[in-house]
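Peer 1: Pasting structure-v4.cif here (mmCIF, C-alpha atoms and all ligand atoms):
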```
data_my_file
loop_
_atom_site.label_atom_id
_atom_site.label_comp_id
_atom_site.auth_asym_id
_atom_site.auth_seq_id
_atom_site.Cartn_x
_atom_site.Cartn_y
_atom_site.Cartn_z
CA MET A 746 -41.33 50.61 1.73
CA ALA A 747 -43.57 52.09 -0.95
CA LYS A 748 -42.81 51.04 -4.53
CA HIS A 749 -42.92 53.39 -7.52
CA PHE A 750 -43.76 52.45 -11.09
CA THR A 751 -44.37 54.41 -14.29
CA ILE A 752 -45.00 54.05 -18.01
CA PHE A 753 -42.54 55.70 -20.41
CA GLY A 754 -43.84 56.77 -23.81
CA ASN A 755 -44.27 59.60 -26.28
CA PRO A 756 -47.17 60.27 -26.40
CA VAL A 757 -48.24 58.68 -23.14
CA GLN A 758 -51.27 60.74 -22.12
CA HIS A 759 -53.72 58.22 -23.64
CA SER A 760 -52.26 55.20 -21.82
CA ILE A 761 -54.60 53.26 -19.55
CA SER A 762 -51.74 51.35 -17.90
CA PRO A 763 -51.71 53.64 -14.83
CA LYS A 764 -55.40 52.91 -14.33
CA MET A 765 -54.93 49.13 -14.74
CA HIS A 766 -51.96 48.96 -12.38
CA SER A 767 -53.55 51.29 -9.82
CA PHE A 768 -56.63 49.03 -9.63
CA ALA A 769 -54.34 46.04 -8.99
CA ILE A 770 -52.33 47.96 -6.35
CA GLU A 771 -55.53 48.98 -4.59
CA GLY A 772 -57.21 45.59 -4.92
CA LEU A 773 -54.20 43.76 -3.51
CA SER A 774 -53.75 46.38 -0.72
CA LEU A 775 -50.18 47.28 -1.72
CA ASP A 776 -48.18 50.38 -0.87
CA ALA A 777 -47.26 51.60 -4.36
CA THR A 778 -47.83 54.28 -7.02
CA TYR A 779 -47.94 54.02 -10.82
CA ASP A 780 -47.84 57.18 -12.98
CA LYS A 781 -47.05 58.34 -16.56
CA THR A 782 -43.71 59.71 -17.77
CA LEU A 783 -43.56 61.56 -21.07
CA LEU A 784 -40.09 60.77 -22.37
CA GLU A 785 -39.08 62.65 -25.49
CA ASP A 786 -35.48 61.44 -25.69
CA GLY A 787 -35.44 57.64 -25.38
CA THR A 788 -31.67 57.58 -24.79
CA LYS A 789 -32.37 59.13 -21.36
CA LEU A 790 -34.60 56.24 -20.26
CA LYS A 791 -32.10 54.50 -17.97
CA GLU A 792 -30.98 57.77 -16.40
CA VAL A 793 -34.58 58.73 -15.60
CA PHE A 794 -35.38 55.21 -14.34
CA PHE A 795 -32.64 55.45 -11.68
CA GLU A 796 -33.04 59.19 -10.96
CA ASN A 797 -36.74 58.67 -10.19
CA LYS A 798 -35.89 55.68 -7.96
CA LEU A 799 -38.30 53.41 -9.81
CA ASP A 800 -38.91 49.79 -8.84
CA GLY A 801 -40.29 48.99 -12.26
CA ALA A 802 -41.76 50.50 -15.42
CA ASN A 803 -43.57 49.80 -18.65
CA VAL A 804 -42.34 51.10 -21.97
CA THR A 805 -44.54 52.01 -24.90
CA VAL A 806 -44.17 53.54 -28.37
CA PRO A 807 -41.58 54.62 -29.52
CA HIS A 808 -39.07 53.50 -26.88
CA LYS A 809 -39.27 49.68 -26.79
CA GLU A 810 -36.18 49.12 -28.97
CA ILE A 811 -34.00 51.68 -27.18
CA ALA A 812 -35.11 50.22 -23.83
CA TYR A 813 -33.88 46.82 -25.03
CA LYS A 814 -30.47 48.32 -25.77
CA LEU A 815 -30.18 50.16 -22.45
CA CYS A 816 -31.05 47.29 -20.09
CA ASP A 817 -28.32 45.77 -17.90
CA GLU A 818 -29.84 42.39 -18.70
CA VAL A 819 -32.65 41.20 -20.96
CA ARG A 820 -34.56 38.01 -20.17
CA GLY A 821 -36.85 35.62 -22.03
CA ILE A 822 -38.35 36.20 -25.47
CA ALA A 823 -37.38 39.92 -25.36
CA LYS A 824 -33.90 38.73 -26.40
CA ASP A 825 -35.31 37.38 -29.69
CA ILE A 826 -37.80 40.21 -30.21
CA LYS A 827 -35.14 42.84 -29.40
CA ALA A 828 -37.76 45.05 -27.79
CA VAL A 829 -38.63 45.52 -24.13
CA ASN A 830 -41.95 46.70 -22.65
CA THR A 831 -41.29 45.93 -18.97
CA LEU A 832 -38.40 47.04 -16.75
CA VAL A 833 -37.73 45.68 -13.27
CA LEU A 834 -35.20 46.88 -10.70
CA GLU A 835 -33.17 43.98 -9.39
CA ASP A 836 -29.95 44.35 -7.36
CA ASN A 837 -29.58 47.90 -8.63
CA LYS A 838 -29.79 46.69 -12.23
CA MET A 839 -32.42 47.47 -14.86
CA ILE A 840 -33.75 44.13 -16.15
CA GLY A 841 -35.85 44.02 -19.35
CA TYR A 842 -38.70 41.73 -20.39
CA ASN A 843 -41.30 41.62 -23.15
CA THR A 844 -44.84 40.75 -22.01
CA ASP A 845 -46.67 41.93 -25.18
CA ALA A 846 -46.27 38.61 -26.99
CA TRP A 847 -47.36 36.54 -23.98
CA GLY A 848 -50.29 38.91 -23.48
CA PHE A 849 -51.38 38.44 -27.06
CA TYR A 850 -51.13 34.65 -26.85
CA GLN A 851 -53.10 34.60 -23.62
CA SER A 852 -55.85 36.60 -25.33
CA ILE A 853 -56.27 34.21 -28.30
CA LYS A 854 -55.31 30.77 -27.03
CA GLU A 855 -58.97 29.81 -26.50
CA TYR A 856 -59.38 29.74 -30.31
CA ASP A 857 -56.76 26.99 -30.64
CA ALA A 858 -55.55 28.28 -34.03
CA LYS A 859 -52.95 26.14 -35.80
CA ASP A 860 -52.32 28.36 -38.82
CA VAL A 861 -52.41 32.18 -38.70
CA LEU A 862 -51.88 35.02 -41.15
CA ILE A 863 -50.48 38.25 -39.70
CA LEU A 864 -51.11 41.56 -41.49
CA GLY A 865 -48.17 43.93 -40.90
CA ALA A 866 -44.46 43.52 -40.24
CA GLY A 867 -43.67 46.07 -37.52
CA GLY A 868 -42.66 45.63 -33.88
CA THR A 869 -45.91 44.03 -32.74
CA SER A 870 -45.93 41.60 -35.65
CA LYS A 871 -42.36 40.56 -34.84
CA ALA A 872 -43.17 39.89 -31.17
CA ILE A 873 -46.37 37.98 -31.90
CA SER A 874 -44.98 35.93 -34.79
CA LEU A 875 -41.99 34.68 -32.78
CA PHE A 876 -44.13 33.73 -29.80
CA LEU A 877 -46.77 31.92 -31.86
CA LYS A 878 -44.08 30.04 -33.79
CA GLN A 879 -42.55 28.89 -30.50
CA LYS A 880 -45.99 27.54 -29.60
CA GLY A 881 -45.96 25.41 -32.75
CA ILE A 882 -48.40 27.57 -34.72
CA LYS A 883 -47.79 28.06 -38.46
CA VAL A 884 -47.37 31.78 -39.10
CA SER A 885 -47.38 33.67 -42.41
CA ILE A 886 -46.92 37.42 -42.78
CA ILE A 887 -48.31 39.85 -45.34
CA ASN A 888 -47.11 43.46 -45.47
CA ARG A 889 -47.70 46.54 -47.61
CA SER A 890 -44.01 46.95 -48.48
CA SER A 891 -41.20 44.40 -48.70
CA LYS A 892 -38.54 46.21 -46.64
CA ARG A 893 -39.63 45.07 -43.17
CA LEU A 894 -40.25 41.51 -44.37
CA LYS A 895 -36.46 41.01 -44.31
CA ASP A 896 -36.79 40.63 -40.51
CA PHE A 897 -38.97 37.55 -41.02
CA LYS A 898 -36.51 35.09 -42.58
CA ASP A 899 -38.00 32.06 -40.81
CA PHE A 900 -41.54 32.74 -41.97
CA GLN A 901 -43.54 32.54 -45.17
CA THR A 902 -43.91 36.17 -46.22
CA PHE A 903 -45.94 38.04 -48.85
CA THR A 904 -46.49 41.54 -50.11
CA TRP A 905 -49.97 42.49 -51.31
CA ASP A 906 -48.91 41.63 -54.87
CA SER A 907 -47.31 38.28 -54.18
CA TYR A 908 -50.03 36.94 -51.85
CA HIS A 909 -51.78 33.79 -53.01
CA ASP A 910 -54.97 32.66 -51.43
CA SER A 911 -55.06 29.93 -48.83
CA TYR A 912 -57.03 29.06 -45.71
CA HIS A 913 -55.86 30.29 -42.27
CA ASP A 914 -57.60 29.57 -38.94
CA MET A 915 -57.03 33.16 -37.85
CA VAL A 916 -56.11 36.52 -39.40
CA ILE A 917 -54.45 39.10 -37.15
CA ASN A 918 -54.20 42.81 -37.95
CA THR A 919 -51.01 44.29 -36.44
CA THR A 920 -50.84 47.29 -38.79
CA SER A 921 -51.81 50.69 -37.52
CA ALA A 922 -54.42 51.02 -40.30
CA GLY A 923 -57.70 51.91 -38.63
CA LEU A 924 -56.05 53.29 -35.48
CA SER A 925 -56.60 56.98 -36.19
CA ASP A 926 -58.20 56.72 -39.63
CA ASP A 927 -60.77 54.54 -41.36
CA SER A 928 -58.49 52.61 -43.67
CA TYR A 929 -58.23 48.86 -44.22
CA PRO A 930 -54.87 47.12 -43.62
CA THR A 931 -54.78 45.89 -47.26
CA PRO A 932 -56.72 46.94 -50.37
CA LYS A 933 -60.40 46.08 -49.86
CA ASP A 934 -60.62 43.38 -52.57
CA LEU A 935 -57.60 41.58 -51.11
CA LEU A 936 -59.01 41.81 -47.57
CA ASP A 937 -62.33 40.45 -48.84
CA LYS A 938 -60.49 37.38 -50.13
CA ILE A 939 -58.40 36.95 -46.97
CA LEU A 940 -61.41 37.22 -44.66
CA SER A 941 -63.46 34.85 -46.80
CA ASN A 942 -60.85 32.20 -46.08
CA THR A 943 -60.67 32.20 -42.28
CA LYS A 944 -62.76 31.63 -39.13
CA THR A 945 -61.46 34.31 -36.77
CA ALA A 946 -60.26 37.92 -37.12
CA VAL A 947 -58.23 39.61 -34.38
CA ASP A 948 -57.12 43.25 -34.25
CA VAL A 949 -54.42 44.39 -31.80
CA ILE A 950 -55.96 47.88 -31.82
CA TYR A 951 -58.20 48.20 -28.77
CA ASN A 952 -61.42 50.00 -27.88
CA LYS A 953 -62.30 50.55 -31.52
CA ASN A 954 -64.45 48.79 -34.06
CA THR A 955 -61.84 49.14 -36.82
CA PRO A 956 -62.85 48.82 -40.49
CA PHE A 957 -60.97 45.47 -40.43
CA LEU A 958 -63.11 44.13 -37.55
CA GLN A 959 -66.27 45.60 -39.06
CA LEU A 960 -65.70 43.79 -42.35
CA ALA A 961 -65.00 40.55 -40.45
CA LYS A 962 -68.28 40.93 -38.55
CA GLU A 963 -70.16 41.43 -41.82
CA LYS A 964 -68.72 38.07 -42.91
CA ASN A 965 -69.93 36.48 -39.65
CA LEU A 966 -66.43 35.65 -38.42
CA LYS A 967 -65.50 35.42 -34.76
CA THR A 968 -63.78 38.70 -33.84
CA LYS A 969 -61.64 40.07 -31.05
CA ASP A 970 -59.99 43.44 -30.43
CA GLY A 971 -56.72 44.19 -28.58
CA SER A 972 -58.15 44.93 -25.12
CA ASP A 973 -57.32 41.53 -23.67
CA MET A 974 -53.81 41.69 -25.11
CA LEU A 975 -53.32 44.97 -23.29
CA LEU A 976 -54.82 43.54 -20.13
CA PHE A 977 -52.69 40.39 -20.10
CA GLN A 978 -49.39 42.15 -20.91
CA GLY A 979 -50.19 44.30 -17.86
CA VAL A 980 -50.97 41.28 -15.66
CA LYS A 981 -47.61 39.69 -16.51
CA ALA A 982 -45.72 42.98 -16.08
CA PHE A 983 -47.32 43.55 -12.68
CA ASN A 984 -46.27 40.11 -11.47
CA LEU A 985 -42.72 40.72 -12.72
CA PHE A 986 -42.67 43.93 -10.65
CA TYR A 987 -43.58 41.78 -7.62
CA HIS A 988 -41.33 38.82 -8.49
CA ASP A 989 -44.28 36.49 -9.26
CA ARG A 990 -45.84 36.89 -5.83
CA PHE A 991 -49.48 36.96 -6.93
CA ASP A 992 -52.00 34.74 -8.62
CA GLU A 993 -52.44 36.06 -12.18
CA LYS A 994 -56.21 35.50 -11.92
CA ASP A 995 -56.37 37.97 -9.00
CA ILE A 996 -54.34 40.62 -10.83
CA GLU A 997 -56.55 40.13 -13.90
CA LYS A 998 -59.72 40.53 -11.84
CA PHE A 999 -58.62 43.93 -10.50
CA MET A 1000 -57.07 45.20 -13.76
CA ARG A 1001 -60.27 44.42 -15.71
CA LYS A 1002 -61.98 47.24 -13.83
CA ALA A 1003 -59.92 49.69 -15.94
CA PHE A 1004 -61.74 48.66 -19.14
N1 LIG A 1101 -53.32 45.89 -27.71
C1 LIG A 1101 -52.09 46.09 -27.34
O1 LIG A 1101 -51.71 45.84 -26.19
C2 LIG A 1101 -51.08 46.62 -28.34
C3 LIG A 1101 -49.71 46.50 -28.04
C4 LIG A 1101 -48.78 46.98 -28.98
C5 LIG A 1101 -49.24 47.59 -30.17
N2 LIG A 1101 -50.56 47.70 -30.43
C6 LIG A 1101 -51.03 48.31 -31.71
O2 LIG A 1101 -50.37 47.65 -32.79
C7 LIG A 1101 -50.31 48.49 -33.93
C8 LIG A 1101 -48.92 48.43 -34.57
O3 LIG A 1101 -47.94 48.89 -33.68
P1 LIG A 1101 -46.38 48.65 -34.02
O4 LIG A 1101 -45.63 49.25 -32.88
O5 LIG A 1101 -46.15 47.22 -34.37
O6 LIG A 1101 -46.20 49.56 -35.31
P2 LIG A 1101 -44.96 49.64 -36.34
O7 LIG A 1101 -43.77 48.92 -35.81
O8 LIG A 1101 -44.83 51.08 -36.69
O9 LIG A 1101 -45.48 48.82 -37.65
C9 LIG A 1101 -46.56 49.27 -38.39
C10 LIG A 1101 -46.94 48.25 -39.47
O10 LIG A 1101 -48.18 48.67 -40.01
C11 LIG A 1101 -48.06 48.83 -41.43
N3 LIG A 1101 -48.93 49.95 -41.79
C12 LIG A 1101 -48.99 51.18 -41.23
N4 LIG A 1101 -49.97 51.91 -41.79
C13 LIG A 1101 -50.55 51.12 -42.73
C14 LIG A 1101 -51.63 51.29 -43.65
N5 LIG A 1101 -52.31 52.45 -43.71
N6 LIG A 1101 -51.95 50.27 -44.46
C15 LIG A 1101 -51.30 49.11 -44.39
N7 LIG A 1101 -50.25 48.86 -43.56
C16 LIG A 1101 -49.90 49.87 -42.73
C17 LIG A 1101 -46.60 49.07 -41.70
O11 LIG A 1101 -46.32 48.67 -43.05
P3 LIG A 1101 -45.01 49.20 -43.86
O12 LIG A 1101 -43.85 48.33 -43.42
O13 LIG A 1101 -45.36 49.02 -45.29
O14 LIG A 1101 -44.81 50.65 -43.48
C18 LIG A 1101 -45.96 48.15 -40.63
O15 LIG A 1101 -45.96 46.81 -41.09
C19 LIG A 1101 -50.71 49.89 -33.44
O16 LIG A 1101 -52.02 50.12 -33.87
C20 LIG A 1101 -50.65 49.76 -31.92
O17 LIG A 1101 -51.58 50.62 -31.30
C21 LIG A 1101 -51.49 47.22 -29.54
#
```
In C-alpha cells, write the structure found in this file.
Ligand SMILES: NC(=O)c1ccc[n+]([C@@H]2O[C@H](COP(=O)([O-])OP(=O)(O)OC[C@H]3O[C@@H](n4cnc5c(N)ncnc54)[C@H](OP(=O)(O)O)[C@@H]3O)[C@@H](O)[C@H]2O)c1
Peer 2:
Amino acid sequence: MAKHFTIFGNPVQHSISPKMHSFAIEGLSLDATYDKTLLEDGTKLKEVFFENKLDGANVTVPHKEIAYKLCDEVRGIAKDIKAVNTLVLEDNKMIGYNTDAWGFYQSIKEYDAKDVLILGAGGTSKAISLFLKQKGIKVSIINRSSKRLKDFKDFQTFTWDSYHDSYHDMVINTTSAGLSDDSYPTPKDLLDKILSNTKTAVDVIYNKNTPFLQLAKEKNLKTKDGSDMLLFQGVKAFNLFYHDRFDEKDIEKFMRKAF
C-alpha cells in the first residue's frame, strides 16, 4: 500500500524536505508521496496527522515543541531535547523522534572536535549541545541575552559581556543572525576574538555564505554550512519512516540530488 508523508511548518513553502524525500522514494523504487503542509495552529498537528492518514511526517519551525507534547510516545534524545522533528505512525500511535542533533553530529564528526563553543541558546543549540555532550565533547554556550541560558544548567555559559577568551576546536553558529539579514551573531570585535581562537567554524544556516562564515574564511579557518545537517536529519527520518529498512548510505546518495 502506498505510504504518505509530509512536512508540517509555518512557513513551509521554502522547505527542501519534499525534494530530498522524493528523490529517496524514487531512487529506492518505493510507492510513496511526500508533500508540504502549512500548519498555522500547531495544536491541530495530531488531528491533521491522523485525518490525512499519514505514515510519517517531519516537523519544522515553529511546531517542534508542540509536536513533542502531542506525541503518544517520544523516543531517544527527543525526550531530553523536548522537541520533535520526526513523527512515525506505529500501531495507530504517533511516535516522536528528534533527528536534528544526530544529523548535525554526522555532519561534523570528521573534524573530531573535543571542545566546542556554540553561539546561541535556542532550540537548535539545545539539541546540538545535549548530543555533543553525550558524545563526550566539551560544550560551552554564548548567547546575546541571559534568559535562555537558564536551560543550559549543565554547561559553561556566557553572555557577550561575561565571555572570556579561550581556545575551542570548533565554533558553531546556531543563532538566526545572517539568515535573512547580514548581521554577525555577536558584536564584530567579539567575533574577531572568538574566530581567532579556533580551527573550524560551522553555521547551521544552509545555502548561504553568512557574514559569520565569510569572516571565518577571511581568517583561513575550515568552514561548513548547514546543508549536511539538513541532509543527514532527513536520512535518519526517512529510515525511521521505513523502520530502519535501508542502508543510510543509499538514502544519502539519493537525497544529495536535492542540493
Ligand atoms: N541546517 C539545518 O538542518 C537546521 C535545522 C534547524 C535549524 N536551523 C537554523 O538554526 C537557526 C536557529 O534556529 P532555532 O530554531 O534554534 O531558533 P530559536 O530557537 O529562535 O533561537 C534563536 C537564537 O538566536 C539568537 N539570535 C537571534 N537573532 C540574533 C541576532 N541578530 N544576534 C545574535 N543572536 C541572535 C537568539 O538569542 P536571544 O536568546 O538573545 O534572543 C537565540 O539564542 C535558524 O537559522 C535555522 O534556520 C538549521
Peer 1: Give me the residues within 8 Å of range 909-912 of chain A as a list in words, counting only C-alpha atoms and dropping any in the same chain fewer than 3 places off.
Peer 2: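 The neighbour list is Lys938, Ile939, Asn942 and Thr943 of chain A.
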Peer 1: Mind checking which residues fall within 9 Å of range 800-815 of chain A, counting only C-alpha atoms, ignoring those fewer than 3 positions away in the same chain, and posting them as a PDB file with C-alpha atoms, in the coordinates of the input?
Peer 2:
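Result file part18.pdb:
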```pdb
ATOM      1  CA  LYS A 748     -42.810  51.040  -4.530  1.00  0.00           C
ATOM      2  CA  HIS A 749     -42.920  53.390  -7.520  1.00  0.00           C
ATOM      3  CA  PHE A 750     -43.760  52.450 -11.090  1.00  0.00           C
ATOM      4  CA  THR A 751     -44.370  54.410 -14.290  1.00  0.00           C
ATOM      5  CA  ILE A 752     -45.000  54.050 -18.010  1.00  0.00           C
ATOM      6  CA  PHE A 753     -42.540  55.700 -20.410  1.00  0.00           C
ATOM      7  CA  GLY A 754     -43.840  56.770 -23.810  1.00  0.00           C
ATOM      8  CA  ASN A 755     -44.270  59.600 -26.280  1.00  0.00           C
ATOM      9  CA  PRO A 756     -47.170  60.270 -26.400  1.00  0.00           C
ATOM     10  CA  VAL A 757     -48.240  58.680 -23.140  1.00  0.00           C
ATOM     11  CA  SER A 760     -52.260  55.200 -21.820  1.00  0.00           C
ATOM     12  CA  SER A 762     -51.740  51.350 -17.900  1.00  0.00           C
ATOM     13  CA  TYR A 779     -47.940  54.020 -10.820  1.00  0.00           C
ATOM     14  CA  LEU A 784     -40.090  60.770 -22.370  1.00  0.00           C
ATOM     15  CA  ASP A 786     -35.480  61.440 -25.690  1.00  0.00           C
ATOM     16  CA  GLY A 787     -35.440  57.640 -25.380  1.00  0.00           C
ATOM     17  CA  THR A 788     -31.670  57.580 -24.790  1.00  0.00           C
ATOM     18  CA  LEU A 790     -34.600  56.240 -20.260  1.00  0.00           C
ATOM     19  CA  LYS A 791     -32.100  54.500 -17.970  1.00  0.00           C
ATOM     20  CA  PHE A 794     -35.380  55.210 -14.340  1.00  0.00           C
ATOM     21  CA  PHE A 795     -32.640  55.450 -11.680  1.00  0.00           C
ATOM     22  CA  GLU A 818     -29.840  42.390 -18.700  1.00  0.00           C
ATOM     23  CA  VAL A 819     -32.650  41.200 -20.960  1.00  0.00           C
ATOM     24  CA  ALA A 823     -37.380  39.920 -25.360  1.00  0.00           C
ATOM     25  CA  LYS A 824     -33.900  38.730 -26.400  1.00  0.00           C
ATOM     26  CA  LYS A 827     -35.140  42.840 -29.400  1.00  0.00           C
ATOM     27  CA  ALA A 828     -37.760  45.050 -27.790  1.00  0.00           C
ATOM     28  CA  VAL A 829     -38.630  45.520 -24.130  1.00  0.00           C
ATOM     29  CA  ASN A 830     -41.950  46.700 -22.650  1.00  0.00           C
ATOM     30  CA  THR A 831     -41.290  45.930 -18.970  1.00  0.00           C
ATOM     31  CA  LEU A 832     -38.400  47.040 -16.750  1.00  0.00           C
ATOM     32  CA  VAL A 833     -37.730  45.680 -13.270  1.00  0.00           C
ATOM     33  CA  LEU A 834     -35.200  46.880 -10.700  1.00  0.00           C
ATOM     34  CA  GLU A 835     -33.170  43.980  -9.390  1.00  0.00           C
ATOM     35  CA  MET A 839     -32.420  47.470 -14.860  1.00  0.00           C
ATOM     36  CA  GLY A 841     -35.850  44.020 -19.350  1.00  0.00           C
ATOM     37  CA  TYR A 842     -38.700  41.730 -20.390  1.00  0.00           C
ATOM     38  CA  GLY A 868     -42.660  45.630 -33.880  1.00  0.00           C
ATOM     39  CA  GLY A 979     -50.190  44.300 -17.860  1.00  0.00           C
ATOM     40  CA  ALA A 982     -45.720  42.980 -16.080  1.00  0.00           C
ATOM     41  CA  PHE A 983     -47.320  43.550 -12.680  1.00  0.00           C
ATOM     42  CA  LEU A 985     -42.720  40.720 -12.720  1.00  0.00           C
ATOM     43  CA  PHE A 986     -42.670  43.930 -10.650  1.00  0.00           C
TER      44      PHE A 986
END
```
Peer 1: Please identify all protein, DNA and RNA residues within 6 Å of ligand LIG 1101 (chain A), counting all atoms listed in the file, and report them as a list of chain:residue names.
Peer 2: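 Listed by chain and ascending number, the contacts are A:Gly865, A:Ala866, A:Gly867, A:Gly868, A:Thr869, A:Ser870, A:Asn888, A:Arg889, A:Ser890, A:Arg893, A:Thr919, A:Thr920, A:Ser921, A:Ala922, A:Leu924, A:Pro930, A:Thr931, A:Val949, A:Ile950, A:Tyr951, A:Gly971, A:Ser972, A:Met974, A:Leu975.
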Peer 1: Atoms to include: C-alpha atoms. Write the selected residues as a compact mmCIF listing (two decimals), keeping the file's coordinate frame.
Peer 2:
```txt
# COMPACT_ATOMS: atom_id res chain seq x y z
CA GLY A 865 -48.17 43.93 -40.90
CA ALA A 866 -44.46 43.52 -40.24
CA GLY A 867 -43.67 46.07 -37.52
CA GLY A 868 -42.66 45.63 -33.88
CA THR A 869 -45.91 44.03 -32.74
CA SER A 870 -45.93 41.60 -35.65
CA ASN A 888 -47.11 43.46 -45.47
CA ARG A 889 -47.70 46.54 -47.61
CA SER A 890 -44.01 46.95 -48.48
CA ARG A 893 -39.63 45.07 -43.17
CA THR A 919 -51.01 44.29 -36.44
CA THR A 920 -50.84 47.29 -38.79
CA SER A 921 -51.81 50.69 -37.52
CA ALA A 922 -54.42 51.02 -40.30
CA LEU A 924 -56.05 53.29 -35.48
CA PRO A 930 -54.87 47.12 -43.62
CA THR A 931 -54.78 45.89 -47.26
CA VAL A 949 -54.42 44.39 -31.80
CA ILE A 950 -55.96 47.88 -31.82
CA TYR A 951 -58.20 48.20 -28.77
CA GLY A 971 -56.72 44.19 -28.58
CA SER A 972 -58.15 44.93 -25.12
CA MET A 974 -53.81 41.69 -25.11
CA LEU A 975 -53.32 44.97 -23.29
```
Peer 1: If you measure from CA of Ile873 in chain A to CA of Ile853 in chain A, what distance in Å do you get, rounded to one decimal?
Peer 2: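 According to the coordinates, CA of Ile873 in chain A and CA of Ile853 in chain A are separated by 11.2 Å.
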Peer 1: As an exercise, work out the distance from CA of Phe900 in chain A to CA of Ile886 in chain A in Å and give it to one decimal place.
Peer 2: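 Separation of CA of Phe900 in chain A and CA of Ile886 in chain A: 7.2 Å.
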Peer 1: For range 788-792 of chain A, take all atoms listed in the file, fit an axis-aligned box around them, add 4 Å to each of the six sides, then output centre and edge lengths in Å rounded to one decimal, as AutoDock Vina command-line options.
Peer 2:
```
--center_x -32.8 --center_y 56.8 --center_z -20.6 --size_x 11.6 --size_y 12.6 --size_z 16.4
```
Peer 1: What is the distance, in Å and to one decimal place, between CA of Lys1002 in chain A and CA of Lys781 in chain A?
Peer 2: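 Between CA of Lys1002 in chain A and CA of Lys781 in chain A the gap works out to 18.8 Å.
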Peer 1: Residues at most 9 Å from Ala1003 in chain A, counting all atoms listed in the file, excluding those fewer than 3 positions away in the same chain, as a list in words?
Peer 2: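 Answer for this query is Ile761, Ser762, Lys764, Met765, His766, Ser767, Phe768, Phe999 and Met1000 of chain A.
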Peer 1: Out of A:Met746, A:Ala858, A:Ala846, A:Ile826, which residue has the shortest atom-to-atom distance to Asp776 in chain A when counting only C-alpha atoms?
Peer 2: A:Met746
Peer 1: Restricting the calculation to all atoms listed in the file, which member of A:Leu976, A:Ala747, A:Leu775, A:Ile840 is positioned closest to Arg820 in chain A?
Peer 2: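 Residue with the minimum atom-to-atom distance to Arg820 in chain A: A:Ile840.
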Peer 1: Using only C-alpha atoms, which of the listed residues (A:Asp817, A:Asp896, A:Glu792, A:Asp857) sits closest to Asp836 in chain A?
Peer 2: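 Among the listed residues, A:Asp817 lies closest to Asp836 in chain A.
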